[in-house]
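Containing mmCIF, C-alpha atoms, pLDDT in the B column; chains and numbers go by the auth columns: start_7.cif.
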```
data_upload
#
loop_
_atom_site.group_PDB
_atom_site.id
_atom_site.type_symbol
_atom_site.label_atom_id
_atom_site.label_comp_id
_atom_site.label_asym_id
_atom_site.label_seq_id
_atom_site.Cartn_x
_atom_site.Cartn_y
_atom_site.Cartn_z
_atom_site.B_iso_or_equiv
_atom_site.auth_seq_id
_atom_site.auth_asym_id
ATOM 1 C CA MET A 1 17.822 4.273 7.391 86.00 1 A
ATOM 2 C CA LYS A 2 20.138 6.561 5.452 90.00 2 A
ATOM 3 C CA VAL A 3 20.387 10.337 5.504 91.00 3 A
ATOM 4 C CA VAL A 4 20.336 12.127 2.140 91.00 4 A
ATOM 5 C CA HIS A 5 21.277 15.776 1.823 93.00 5 A
ATOM 6 C CA VAL A 6 19.752 17.494 -1.190 93.00 6 A
ATOM 7 C CA ARG A 7 19.915 21.064 -2.394 96.00 7 A
ATOM 8 C CA VAL A 8 16.629 22.382 -3.763 95.00 8 A
ATOM 9 C CA PRO A 9 15.725 25.745 -5.228 96.00 9 A
ATOM 10 C CA GLU A 10 14.097 28.220 -2.848 96.00 10 A
ATOM 11 C CA ALA A 11 10.786 28.029 -4.741 96.00 11 A
ATOM 12 C CA LEU A 12 10.653 24.231 -4.362 96.00 12 A
ATOM 13 C CA HIS A 13 11.442 24.489 -0.667 96.00 13 A
ATOM 14 C CA GLU A 14 8.605 26.976 -0.233 97.00 14 A
ATOM 15 C CA LEU A 15 6.253 24.519 -1.957 96.00 15 A
ATOM 16 C CA LEU A 16 7.432 21.766 0.393 96.00 16 A
ATOM 17 C CA GLU A 17 6.835 23.969 3.426 97.00 17 A
ATOM 18 C CA GLU A 18 3.349 24.898 2.186 97.00 18 A
ATOM 19 C CA GLU A 19 2.497 21.220 1.648 96.00 19 A
ATOM 20 C CA ALA A 20 3.844 20.358 5.104 97.00 20 A
ATOM 21 C CA ARG A 21 1.677 23.029 6.714 97.00 21 A
ATOM 22 C CA ARG A 22 -1.381 22.075 4.665 97.00 22 A
ATOM 23 C CA THR A 23 -1.130 18.354 5.390 96.00 23 A
ATOM 24 C CA LYS A 24 0.373 18.716 8.891 97.00 24 A
ATOM 25 C CA ARG A 25 3.178 16.333 7.916 96.00 25 A
ATOM 26 C CA PRO A 26 6.957 16.712 8.077 96.00 26 A
ATOM 27 C CA ILE A 27 8.823 17.651 4.903 95.00 27 A
ATOM 28 C CA GLN A 28 10.786 14.411 5.280 94.00 28 A
ATOM 29 C CA ASP A 29 7.577 12.379 4.854 95.00 29 A
ATOM 30 C CA ILE A 30 6.493 14.378 1.813 95.00 30 A
ATOM 31 C CA VAL A 31 9.871 13.968 0.118 95.00 31 A
ATOM 32 C CA SER A 32 10.002 10.240 0.938 93.00 32 A
ATOM 33 C CA GLU A 33 6.511 9.733 -0.473 92.00 33 A
ATOM 34 C CA ALA A 34 7.418 11.610 -3.666 92.00 34 A
ATOM 35 C CA LEU A 35 10.586 9.550 -4.101 91.00 35 A
ATOM 36 C CA ARG A 36 8.709 6.287 -3.598 88.00 36 A
ATOM 37 C CA ALA A 37 6.072 7.323 -6.128 87.00 37 A
ATOM 38 C CA ARG A 38 8.765 8.247 -8.656 86.00 38 A
ATOM 39 C CA LEU A 39 11.146 5.346 -8.151 86.00 39 A
ATOM 40 C CA MET A 40 8.988 2.368 -7.239 82.00 40 A
ATOM 41 C CA SER A 41 6.849 0.752 -9.870 74.00 41 A
ATOM 42 C CA ALA A 42 3.199 0.245 -9.017 71.00 42 A
ATOM 43 C CA GLY A 43 2.915 -2.436 -11.682 76.00 43 A
ATOM 44 C CA VAL A 44 2.720 -6.169 -11.142 75.00 44 A
ATOM 45 C CA ASP A 45 5.654 -8.346 -12.153 75.00 45 A
ATOM 46 C CA PRO A 46 4.034 -11.308 -13.940 74.00 46 A
ATOM 47 C CA SER A 47 7.093 -13.461 -13.215 77.00 47 A
ATOM 48 C CA ASP A 48 6.605 -13.045 -9.449 76.00 48 A
ATOM 49 C CA PRO A 49 6.002 -16.567 -8.036 74.00 49 A
ATOM 50 C CA ILE A 50 2.985 -15.371 -6.050 74.00 50 A
ATOM 51 C CA PHE A 51 1.104 -15.001 -9.355 70.00 51 A
ATOM 52 C CA ALA A 52 2.342 -18.235 -10.951 69.00 52 A
ATOM 53 C CA GLY A 53 0.272 -20.756 -8.979 69.00 53 A
ATOM 54 C CA PHE A 54 -3.239 -19.670 -9.912 62.00 54 A
ATOM 55 C CA PRO A 55 -5.940 -20.831 -10.097 65.00 55 A
ATOM 56 C CA LEU A 56 -5.870 -22.451 -6.680 65.00 56 A
ATOM 57 C CA VAL A 57 -9.452 -23.721 -6.915 66.00 57 A
ATOM 58 C CA LYS A 58 -10.749 -25.407 -10.048 68.00 58 A
ATOM 59 C CA ALA A 59 -14.332 -26.012 -8.904 70.00 59 A
ATOM 60 C CA LYS A 60 -16.969 -23.706 -10.296 73.00 60 A
ATOM 61 C CA GLY A 61 -20.276 -22.582 -8.891 71.00 61 A
ATOM 62 C CA ARG A 62 -21.489 -21.581 -5.442 69.00 62 A
ATOM 63 C CA ARG A 63 -20.301 -23.460 -2.389 67.00 63 A
ATOM 64 C CA ARG A 64 -22.919 -24.560 0.108 71.00 64 A
ATOM 65 C CA ASP A 65 -20.808 -23.610 3.141 72.00 65 A
ATOM 66 C CA ASN A 66 -19.672 -20.045 2.455 73.00 66 A
ATOM 67 C CA ILE A 67 -17.091 -19.426 5.178 77.00 67 A
ATOM 68 C CA SER A 68 -16.581 -15.832 4.031 78.00 68 A
ATOM 69 C CA GLU A 69 -20.095 -15.013 5.251 79.00 69 A
ATOM 70 C CA ARG A 70 -19.505 -16.414 8.746 80.00 70 A
ATOM 71 C CA HIS A 71 -15.797 -15.785 9.292 82.00 71 A
ATOM 72 C CA ASP A 72 -16.314 -13.589 12.390 83.00 72 A
ATOM 73 C CA GLY A 73 -18.042 -16.427 14.212 82.00 73 A
ATOM 74 C CA ILE A 74 -15.285 -18.837 13.220 82.00 74 A
ATOM 75 C CA LEU A 75 -12.488 -16.516 14.305 84.00 75 A
ATOM 76 C CA TYR A 76 -14.005 -14.919 17.400 85.00 76 A
ATOM 77 C CA GLY A 77 -16.801 -17.270 18.445 82.00 77 A
ATOM 78 C CA ALA A 78 -20.527 -16.978 18.055 74.00 78 A
ATOM 79 C CA PRO A 79 -22.078 -13.694 19.286 69.00 79 A
ATOM 80 C CA GLU A 80 -23.714 -13.899 22.701 60.00 80 A
#
```

Structure rendered as structure tokens:
Amino acid sequence: MKVVHVRVPEALHELLEEEARRTKRPIQDIVSEALRARLMSAGVDPSDPIFAGFPLVKAKGRRRDNISERHDGILYGAPE
């Protein structure tokens, strides 16, 4: 983790302090969240290999054995 020193106008610092009090979070977290929101894209990169392999299943229609409906029993055992 790196430390960044930034000078901000008094009015902006007051807004940060108000937000910190209101949300009960440190100013550091608020600033980090704002930077992430500004600098990191929320979009999907279509060239990302995770999106290149679809569709994984070519069959259509309802499956007879729908594992998604009974996954708890498969993972944790049948309820007693």

In Å, rounded to a single decimal, give me how far CA of Ser41 in chain A is from CA of Met1 in chain A.
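Distance between the two atoms: 20.8 Å.
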
Select, from A:Ser32, A:Ala59, A:Ser68, A:Ile27, the residue with the minimum atom-to-atom distance to Lys2 in chain A, counting all atoms listed in the file.
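Smallest separation from Lys2 in chain A among the options: A:Ser32.
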
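What separates CA of Glu10 in chain A from CA of Arg36 in chain A is a distance of 22.6 Å.
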
Report, in Å with one decimal, the straight-line distance from CA of Val4 in chain A to CA of Ala37 in chain A.
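Distance between the two atoms: 17.2 Å.
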